[in-house]
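Have a look at entry14.cif; it's mmCIF, C-alpha atoms:
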data_upload
loop_
_atom_site.label_atom_id
_atom_site.label_comp_id
_atom_site.auth_asym_id
_atom_site.auth_seq_id
_atom_site.Cartn_x
_atom_site.Cartn_y
_atom_site.Cartn_z
CA MET A 19 210.71 43.70 -79.71
CA GLY A 20 208.51 42.43 -82.53
CA THR A 21 207.41 44.37 -85.57
CA PRO A 22 204.00 44.53 -87.20
CA GLU A 23 205.22 42.18 -89.90
CA HIS A 24 206.50 39.61 -87.40
CA SER A 25 203.64 39.79 -84.93
CA THR A 26 201.12 37.55 -86.68
CA THR A 27 202.27 34.52 -84.71
CA GLY A 28 204.50 34.07 -81.70
CA GLY A 29 208.22 34.08 -82.33
CA PRO A 30 209.85 30.77 -83.33
CA GLY A 31 211.88 30.68 -80.12
CA VAL A 32 208.84 31.05 -77.85
CA SER A 33 207.76 27.90 -76.00
CA TRP A 34 204.14 26.80 -75.68
CA ALA A 35 204.27 27.55 -71.96
CA ASP A 36 205.42 31.10 -72.67
CA ARG A 37 202.68 31.49 -75.27
CA VAL A 38 200.05 30.40 -72.76
CA VAL A 39 201.40 32.91 -70.26
CA GLY A 40 201.45 35.57 -72.96
CA LEU A 41 197.87 34.76 -73.93
CA ALA A 42 196.81 35.07 -70.30
CA GLY A 43 198.54 38.43 -70.09
CA SER A 44 196.82 39.65 -73.26
CA CYS A 45 193.32 39.30 -71.82
CA HIS A 46 193.80 42.23 -69.39
CA PRO A 47 193.74 39.83 -66.42
CA GLY A 48 193.26 42.49 -63.73
CA PRO A 49 189.90 43.79 -64.97
CA VAL A 50 188.81 40.29 -66.03
CA VAL A 51 189.36 38.87 -62.54
CA ALA A 52 187.90 41.93 -60.80
CA VAL A 53 184.68 42.06 -62.85
CA THR A 54 184.14 38.29 -62.70
CA ALA A 55 184.71 38.18 -58.94
CA LEU A 56 182.37 41.13 -58.39
CA MET A 57 179.57 39.57 -60.42
CA ALA A 58 180.03 36.23 -58.67
CA ALA A 59 179.77 37.98 -55.30
CA LEU A 60 176.73 39.95 -56.46
CA ALA A 61 175.07 36.73 -57.65
CA VAL A 62 175.59 35.23 -54.19
CA THR A 63 174.26 38.27 -52.32
CA ALA A 64 171.33 38.57 -54.74
CA GLY A 65 170.19 35.05 -53.87
CA GLN A 66 171.16 32.94 -56.87
CA GLY A 67 171.66 29.24 -56.15
CA ALA A 68 175.14 27.70 -56.13
CA ALA A 69 174.87 26.20 -59.63
CA ARG A 70 173.47 29.42 -61.11
CA CYS A 71 176.22 31.47 -59.42
CA VAL A 72 178.85 29.29 -61.10
CA LEU A 73 177.07 29.62 -64.44
CA THR A 74 176.80 33.39 -64.07
CA ALA A 75 180.49 33.69 -63.22
CA ALA A 76 181.45 31.46 -66.14
CA ALA A 77 179.43 33.53 -68.61
CA VAL A 78 180.90 36.79 -67.31
CA LEU A 79 184.42 35.32 -67.41
CA ALA A 80 184.02 34.17 -71.02
CA GLY A 81 182.66 37.56 -72.06
CA GLN A 82 185.39 39.52 -70.30
CA LEU A 83 188.12 37.30 -71.74
CA SER A 84 186.78 37.80 -75.26
CA VAL A 85 186.70 41.56 -74.81
CA GLY A 86 190.22 41.73 -73.37
CA TRP A 87 191.71 39.60 -76.13
CA CYS A 88 189.83 41.56 -78.80
CA ASN A 89 191.26 44.78 -77.40
CA ASP A 90 194.87 43.58 -77.47
CA ALA A 91 194.55 41.97 -80.89
CA TYR A 92 192.95 45.00 -82.53
CA ASP A 93 195.39 47.45 -80.93
CA ALA A 94 198.46 45.29 -81.64
CA ARG A 95 199.74 47.27 -84.62
CA ARG A 96 199.33 50.60 -82.79
CA ASP A 97 200.95 49.21 -79.62
CA ILE A 98 203.88 47.83 -81.59
CA ALA A 99 204.35 51.13 -83.41
CA ALA A 100 204.28 53.00 -80.09
CA GLY A 101 206.70 50.52 -78.50
CA ARG A 102 204.45 49.78 -75.53
CA ARG A 103 206.63 47.19 -73.84
CA GLY A 104 205.07 44.87 -71.32
CA LYS A 105 202.28 43.79 -73.66
CA PRO A 106 202.71 40.16 -74.78
CA VAL A 107 201.96 40.92 -78.43
CA VAL A 108 204.49 43.76 -78.45
CA ASP A 109 207.12 41.64 -76.72
CA GLY A 110 206.57 38.79 -79.19
CA THR A 111 205.43 36.31 -76.56
CA VAL A 112 202.17 35.60 -78.36
CA GLY A 113 201.01 36.32 -81.89
CA VAL A 114 198.13 38.48 -83.04
CA THR A 115 196.45 35.56 -84.79
CA GLU A 116 196.52 33.50 -81.61
CA VAL A 117 194.96 36.34 -79.64
CA TRP A 118 192.20 36.77 -82.26
CA VAL A 119 191.45 33.03 -82.13
CA ALA A 120 191.21 33.22 -78.33
CA ALA A 121 188.91 36.26 -78.55
CA TYR A 122 186.47 34.53 -80.90
CA ALA A 123 186.62 31.32 -78.86
CA GLY A 124 185.75 33.25 -75.70
CA LEU A 125 182.88 34.97 -77.51
CA ALA A 126 181.57 31.65 -78.87
CA LEU A 127 181.65 30.16 -75.38
CA CYS A 128 179.96 33.21 -73.88
CA VAL A 129 176.82 32.81 -76.00
CA PRO A 130 175.56 29.43 -74.69
CA LEU A 131 176.70 30.21 -71.15
CA SER A 132 174.73 33.47 -71.18
CA PHE A 133 171.54 31.92 -72.54
CA ALA A 134 171.85 29.07 -70.04
CA CYS A 135 171.05 31.72 -67.40
CA GLY A 136 167.75 32.52 -69.12
CA LEU A 137 166.59 34.08 -72.38
CA TRP A 138 166.44 37.70 -71.25
CA ALA A 139 169.51 37.33 -69.07
CA GLY A 140 171.39 36.06 -72.11
CA VAL A 141 170.13 38.85 -74.35
CA VAL A 142 171.13 41.54 -71.85
CA HIS A 143 174.56 40.09 -71.14
CA LEU A 144 175.39 39.59 -74.80
CA ALA A 145 174.26 43.16 -75.52
CA GLY A 146 176.82 44.33 -72.96
CA VAL A 147 179.54 42.15 -74.48
CA ALA A 148 178.63 43.43 -77.96
CA ALA A 149 178.95 47.00 -76.70
CA ALA A 150 182.43 46.21 -75.37
CA TRP A 151 183.47 44.73 -78.72
CA ALA A 152 182.08 47.82 -80.46
CA TYR A 153 184.31 49.91 -78.22
CA ASP A 154 187.38 47.85 -79.12
CA LEU A 155 186.69 47.82 -82.84
CA ARG A 156 185.25 51.28 -83.52
CA LEU A 157 184.04 53.56 -80.73
CA LYS A 158 187.27 53.75 -78.72
CA ALA A 159 188.55 56.62 -80.87
CA THR A 160 185.28 58.57 -81.03
CA ALA A 161 183.41 61.00 -78.82
CA TRP A 162 181.03 58.11 -78.01
CA SER A 163 183.72 56.02 -76.33
CA TRP A 164 181.91 56.34 -72.98
CA ALA A 165 178.70 54.71 -74.24
CA PRO A 166 179.95 51.08 -74.46
CA TYR A 167 181.26 51.32 -70.90
CA ALA A 168 177.91 52.63 -69.69
CA VAL A 169 175.98 49.90 -71.52
CA GLY A 170 178.40 47.14 -70.57
CA PHE A 171 178.52 47.97 -66.85
CA ALA A 172 174.74 48.49 -66.68
CA ALA A 173 174.21 45.08 -68.30
CA LEU A 174 176.22 43.18 -65.68
CA PRO A 175 173.99 43.68 -62.61
CA ALA A 176 170.95 43.38 -64.88
CA PHE A 177 172.30 40.00 -66.02
CA VAL A 178 172.55 38.88 -62.39
CA ALA A 179 169.01 40.07 -61.58
CA LEU A 180 167.49 38.37 -64.63
CA GLY A 181 169.23 35.16 -63.62
CA LEU A 182 167.20 34.97 -60.39
CA PRO A 183 164.20 32.62 -60.11
CA GLY A 184 161.32 34.07 -62.11
CA GLN A 185 163.74 36.22 -64.17
CA PRO A 186 162.70 39.53 -62.54
CA TRP A 187 163.71 42.78 -64.21
CA PRO A 188 166.45 44.69 -62.40
CA ALA A 189 165.67 47.73 -60.26
CA TRP A 190 166.22 51.05 -62.01
CA TRP A 191 168.81 52.19 -59.52
CA VAL A 192 171.12 49.20 -60.00
CA VAL A 193 171.15 49.71 -63.78
CA THR A 194 171.74 53.46 -63.38
CA ALA A 195 174.53 52.92 -60.86
CA GLY A 196 176.13 50.36 -63.16
CA ALA A 197 176.10 52.80 -66.06
CA LEU A 198 177.66 55.55 -63.93
CA LEU A 199 180.33 53.16 -62.67
CA GLY A 200 181.07 52.30 -66.28
CA VAL A 201 181.59 55.94 -67.23
CA GLY A 202 183.88 56.39 -64.23
CA ALA A 203 185.78 53.22 -65.11
CA HIS A 204 186.30 54.54 -68.65
CA LEU A 205 187.75 57.81 -67.41
CA GLY A 206 189.95 56.07 -64.85
CA ASP A 207 191.17 53.44 -67.30
CA VAL A 208 192.16 55.98 -69.95
CA LEU A 209 193.50 58.78 -67.71
CA PRO A 210 197.09 57.45 -67.35
CA ASP A 211 197.42 56.93 -71.13
CA ILE A 212 195.79 60.08 -72.51
CA ARG A 213 199.00 61.74 -73.67
CA GLY A 214 200.24 58.57 -75.36
CA ASP A 215 196.84 57.98 -76.97
CA LEU A 216 196.78 61.48 -78.41
CA ALA A 217 200.25 60.92 -79.86
CA THR A 218 198.99 57.82 -81.70
CA GLY A 219 195.80 59.44 -82.97
CA VAL A 220 193.27 58.00 -80.49
CA ARG A 221 190.70 60.71 -79.76
CA GLY A 222 188.03 59.19 -77.58
CA TRP A 223 185.93 61.17 -75.12
CA PRO A 224 188.54 61.36 -72.33
CA GLN A 225 191.29 62.26 -74.80
CA ARG A 226 189.16 65.14 -76.10
CA LEU A 227 188.72 66.36 -72.53
CA GLY A 228 192.48 66.29 -72.04
CA PRO A 229 194.36 65.10 -68.93
CA ASP A 230 193.11 67.96 -66.72
CA GLY A 231 189.51 67.76 -67.90
CA ALA A 232 189.38 63.98 -67.44
CA ARG A 233 190.97 64.26 -63.99
CA LEU A 234 188.43 66.83 -62.83
CA LEU A 235 185.48 64.89 -64.23
CA LEU A 236 186.61 61.45 -63.04
CA PRO A 237 185.03 61.54 -59.54
CA VAL A 238 181.67 62.89 -60.75
CA PRO A 239 180.12 59.69 -62.16
CA LEU A 240 181.58 57.61 -59.32
CA VAL A 241 180.11 59.84 -56.59
CA ALA A 242 176.85 59.97 -58.53
CA ALA A 243 176.84 56.16 -58.50
CA SER A 244 177.37 56.27 -54.73
CA ALA A 245 174.36 58.57 -54.38
CA VAL A 246 172.17 56.32 -56.53
CA LEU A 247 173.20 53.20 -54.61
CA ALA A 248 172.65 54.89 -51.25
CA LEU A 249 169.41 56.73 -52.01
CA GLY A 250 167.84 54.76 -54.88
CA PRO A 251 166.44 51.70 -53.07
CA ALA A 252 163.12 52.09 -51.26
CA GLY A 253 163.32 53.18 -47.65
CA PRO A 254 165.89 55.24 -45.78
CA PRO A 255 169.54 54.79 -46.78
CA GLY A 256 170.60 53.80 -43.27
CA ARG A 257 173.73 54.89 -41.50
CA TRP A 258 175.98 52.79 -43.71
CA GLY A 259 174.56 54.33 -46.85
CA VAL A 260 174.96 57.86 -45.50
CA ALA A 261 178.49 57.11 -44.29
CA ALA A 262 179.50 55.59 -47.63
CA LEU A 263 178.13 58.57 -49.55
CA ALA A 264 179.98 61.00 -47.27
CA VAL A 265 183.24 59.09 -47.60
CA ALA A 266 182.90 58.93 -51.38
CA ALA A 267 182.28 62.67 -51.65
CA LEU A 268 185.16 63.61 -49.31
CA VAL A 269 187.65 61.30 -51.02
CA ALA A 270 186.60 62.53 -54.45
CA VAL A 271 187.08 66.19 -53.47
CA ALA A 272 190.45 65.43 -51.88
CA GLY A 273 191.58 63.55 -54.97
CA THR A 274 190.56 66.38 -57.26
CA VAL A 275 192.45 68.96 -55.19
CA LEU A 276 195.59 66.86 -54.75
CA GLY A 277 195.44 65.77 -58.37
CA ARG A 278 196.38 69.25 -59.53
CA ARG A 279 199.97 68.44 -58.61
CA ARG A 280 199.93 64.65 -58.57
CA GLU A 281 197.78 63.05 -61.23
CA ARG A 282 198.00 59.66 -59.54
CA ALA A 283 196.31 61.09 -56.45
CA ALA A 284 193.15 61.73 -58.47
CA PHE A 285 193.28 58.22 -59.88
CA ALA A 286 193.85 56.69 -56.43
CA ALA A 287 190.90 58.64 -55.04
CA ALA A 288 188.71 57.40 -57.87
CA VAL A 289 189.72 53.82 -57.06
CA VAL A 290 188.70 54.34 -53.41
CA VAL A 291 185.32 55.75 -54.45
CA ALA A 292 184.84 52.83 -56.84
CA VAL A 293 185.55 50.41 -53.98
CA VAL A 294 182.93 52.19 -51.86
CA ASP A 295 180.45 51.88 -54.75
CA VAL A 296 181.17 48.17 -55.13
CA ALA A 297 180.68 47.64 -51.38
CA LEU A 298 177.35 49.47 -51.54
CA LEU A 299 176.30 47.41 -54.54
CA LEU A 300 177.01 44.18 -52.68
CA VAL A 301 175.22 45.43 -49.56
CA ARG A 302 172.17 46.31 -51.65
CA GLY A 303 172.42 43.04 -53.60
CA THR A 304 169.32 41.45 -52.10
CA GLY A 305 167.11 44.18 -53.58
CA ILE A 306 168.52 44.50 -57.10
CA ALA A 307 165.35 43.07 -58.64
#

In structure tokens, write the structure found in this file.
Amino acid sequence: MGTPEHSTTGGPGVSWADRVVGLAGSCHPGPVVAVTALMAALAVTAGQGAARCVLTAAAVLAGQLSVGWCNDAYDARRDIAAGRRGKPVVDGTVGVTEVWVAAYAGLALCVPLSFACGLWAGVVHLAGVAAAWAYDLRLKATAWSWAPYAVGFAALPAFVALGLPGQPWPAWWVVTAGALLGVGAHLGDVLPDIRGDLATGVRGWPQRLGPDGARLLLPVPLVAASAVLALGPAGPPGRWGVAALAVAALVAVAGTVLGRRRERAAFAAAVVVAVVDVALLLVRGTGIA
């Protein structure tokens, strides 16, 4: 395992291929792929043309990559001190400097790609990316750690809506649902690491709630997002909207009850509710503006 002093660049025995793999692993590939794929699908269902869908996906991908690399680079010293194996920087596969260079390169690429989707689309998307960087660099360890997630997730569907012909403003309910999904994503993302974070001095909002408090609160914003997505658009919610809201509520309650003994049950339930929310968002995609 590397040390803080030896983590500036990849180890001398690491090949370029291994460094590329390590760099890919440092961007938090799971969330990057998931968010990019979701926004690409939303762009399609919202009615963006093929070329604009590709541009939207490229801008989101660049922004998400920059955020993921910034997170790993900034947290490298803490991760190394805590011995969090499995992270490329900790394992010495890639150096901190290389990850920082990748983060700034992703951010630099994100700017023209975002503005290529339209002036206001670019402003909104870059505001969301800036919020995510603010989380990585400062707000992660404060009581306001939820705010960048809310802003960042609200900005994504707004970015898609503003990228439509005529650059229409997004509907209130899609922005609200995005913000609620962001708060839920923050709780779910941090929940498994709360005890370790507290040991290393990270005291964000979920850490201040504690494992039990975060577990109990986790389903609330996600179910609220389900309600907004089902009931927010004009007209009746339809049977699919009612069914999705009922499923989300039942799964959330079951996860909260089972989570008293098995913490992963609460997290799994939150993932199911999030999937329901994403499905509703895609179904409602044609009316997001």

Next on the checklist: Which residues are close to Ala195 (chain A), i.e. within 9 Å by all atoms listed in the file, leaving aside same-chain residues fewer than 4 positions away? Reply as a ChimeraX atom specification.
Outcome noted: /A:171-172,190-191,199-200,239-240,242-247,295,299

Expected file: the selected residues, C-alpha atoms, as a CSV table (one decimal), in the frame of the given file:
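Here's the written file part35.csv:
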chain,number,residue,atom,x,y,z
A,171,PHE,CA,178.5,48.0,-66.8
A,172,ALA,CA,174.7,48.5,-66.7
A,190,TRP,CA,166.2,51.0,-62.0
A,191,TRP,CA,168.8,52.2,-59.5
A,199,LEU,CA,180.3,53.2,-62.7
A,200,GLY,CA,181.1,52.3,-66.3
A,239,PRO,CA,180.1,59.7,-62.2
A,240,LEU,CA,181.6,57.6,-59.3
A,242,ALA,CA,176.8,60.0,-58.5
A,243,ALA,CA,176.8,56.2,-58.5
A,244,SER,CA,177.4,56.3,-54.7
A,245,ALA,CA,174.4,58.6,-54.4
A,246,VAL,CA,172.2,56.3,-56.5
A,247,LEU,CA,173.2,53.2,-54.6
A,295,ASP,CA,180.4,51.9,-54.8
A,299,LEU,CA,176.3,47.4,-54.5

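The residue that comes closest to Gly181 (chain A), out of A:Cys45, A:Val39, A:Ala58, A:Val201 and on the basis of all atoms listed in the file, is A:Ala58.
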
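The closest residue to Arg233 (chain A), picked from A:Ala288, A:Val220, A:Gly184, A:Tyr167 and counting only C-alpha atoms, is A:Ala288.
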
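Picture a line from CA of Val178 (chain A) to CA of Ala42 (chain A); it runs 25.8 Å.
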
Give me, as a Markdown table, the closest atom pair and its distance (Å, one decimal) for every residue of region 46-75 of chain A within a cut-off of 12 Å of region 84-107 of chain A, counting only C-alpha atoms, rows sorted by chain and rising number.
| residue | atom | partner | partner_atom | distance |
| --- | --- | --- | --- | --- |
| A:His46 | CA | A:Gly86 | CA | 5.4 |
| A:Pro47 | CA | A:Gly86 | CA | 8.0 |
| A:Gly48 | CA | A:Gly86 | CA | 10.1 |
| A:Pro49 | CA | A:Gly86 | CA | 8.7 |
| A:Val50 | CA | A:Gly86 | CA | 7.6 |
| A:Val51 | CA | A:Gly86 | CA | 11.2 |
| A:Val53 | CA | A:Gly86 | CA | 11.9 |

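Proximity to Ser33 (chain A) at 12 Å, evaluated using only C-alpha atoms and with sequence-adjacent residues fewer than 6 positions away removed, yields Val39, Gly40, Gly110, Thr111 and Val112 of chain A.
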
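Reported to one decimal place, the separation of CA of Ala139 (chain A) from CA of Ala173 (chain A) is 9.1 Å.
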
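We find CA of Ser44 (chain A) and CA of Val208 (chain A) to be spaced 17.3 Å apart.
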
For this structure, which residues satisfy the selection - the PyMOL selection byres ((chain A and resi 234) around 9) - when it is evaluated on the file as given? I want them as a short mmCIF file (atom, residue, chain, number, x, y, z; two decimals) with C-alpha atoms, keeping the file's coordinate frame.
data_model
loop_
_atom_site.label_atom_id
_atom_site.label_comp_id
_atom_site.auth_asym_id
_atom_site.auth_seq_id
_atom_site.Cartn_x
_atom_site.Cartn_y
_atom_site.Cartn_z
CA PRO A 229 194.36 65.10 -68.93
CA ASP A 230 193.11 67.96 -66.72
CA GLY A 231 189.51 67.76 -67.90
CA ALA A 232 189.38 63.98 -67.44
CA ARG A 233 190.97 64.26 -63.99
CA LEU A 235 185.48 64.89 -64.23
CA LEU A 236 186.61 61.45 -63.04
CA PRO A 237 185.03 61.54 -59.54
CA VAL A 238 181.67 62.89 -60.75
CA THR A 274 190.56 66.38 -57.26
CA VAL A 275 192.45 68.96 -55.19
CA GLY A 277 195.44 65.77 -58.37
CA ARG A 278 196.38 69.25 -59.53
CA ALA A 284 193.15 61.73 -58.47
#

Checklist entry - Taking the file as shown, what set of residues would the PyMOL selection byres ((chain A and resi 219) around 12) give back, as a PyMOL selection string? => result chain A and resi 96-97+99-100+158-160+212-218+220-222+225-226

Neighbours of Ala262 (chain A) within 8 Å (all atoms listed in the file; same-chain residues fewer than 4 positions away dropped), as a PDB file with C-alpha atoms, in the coordinates of the input?
ATOM      1  CA  SER A 244     177.370  56.270 -54.730  1.00  0.00           C
ATOM      2  CA  ALA A 248     172.650  54.890 -51.250  1.00  0.00           C
ATOM      3  CA  TRP A 258     175.980  52.790 -43.710  1.00  0.00           C
ATOM      4  CA  ALA A 266     182.900  58.930 -51.380  1.00  0.00           C
ATOM      5  CA  VAL A 294     182.930  52.190 -51.860  1.00  0.00           C
ATOM      6  CA  LEU A 298     177.350  49.470 -51.540  1.00  0.00           C
TER       7      LEU A 298
END

Item to check | Best match for closeness to Ala76 (chain A) among A:Leu198, A:Val114, A:Leu125, A:Leu300, counting only C-alpha atoms | outcome: A:Leu125

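Proximity of A:Gly250, A:Pro210, A:Pro255, A:Gly196 to Ala292 (chain A), computed with all atoms listed in the file, is greatest for A:Gly196.
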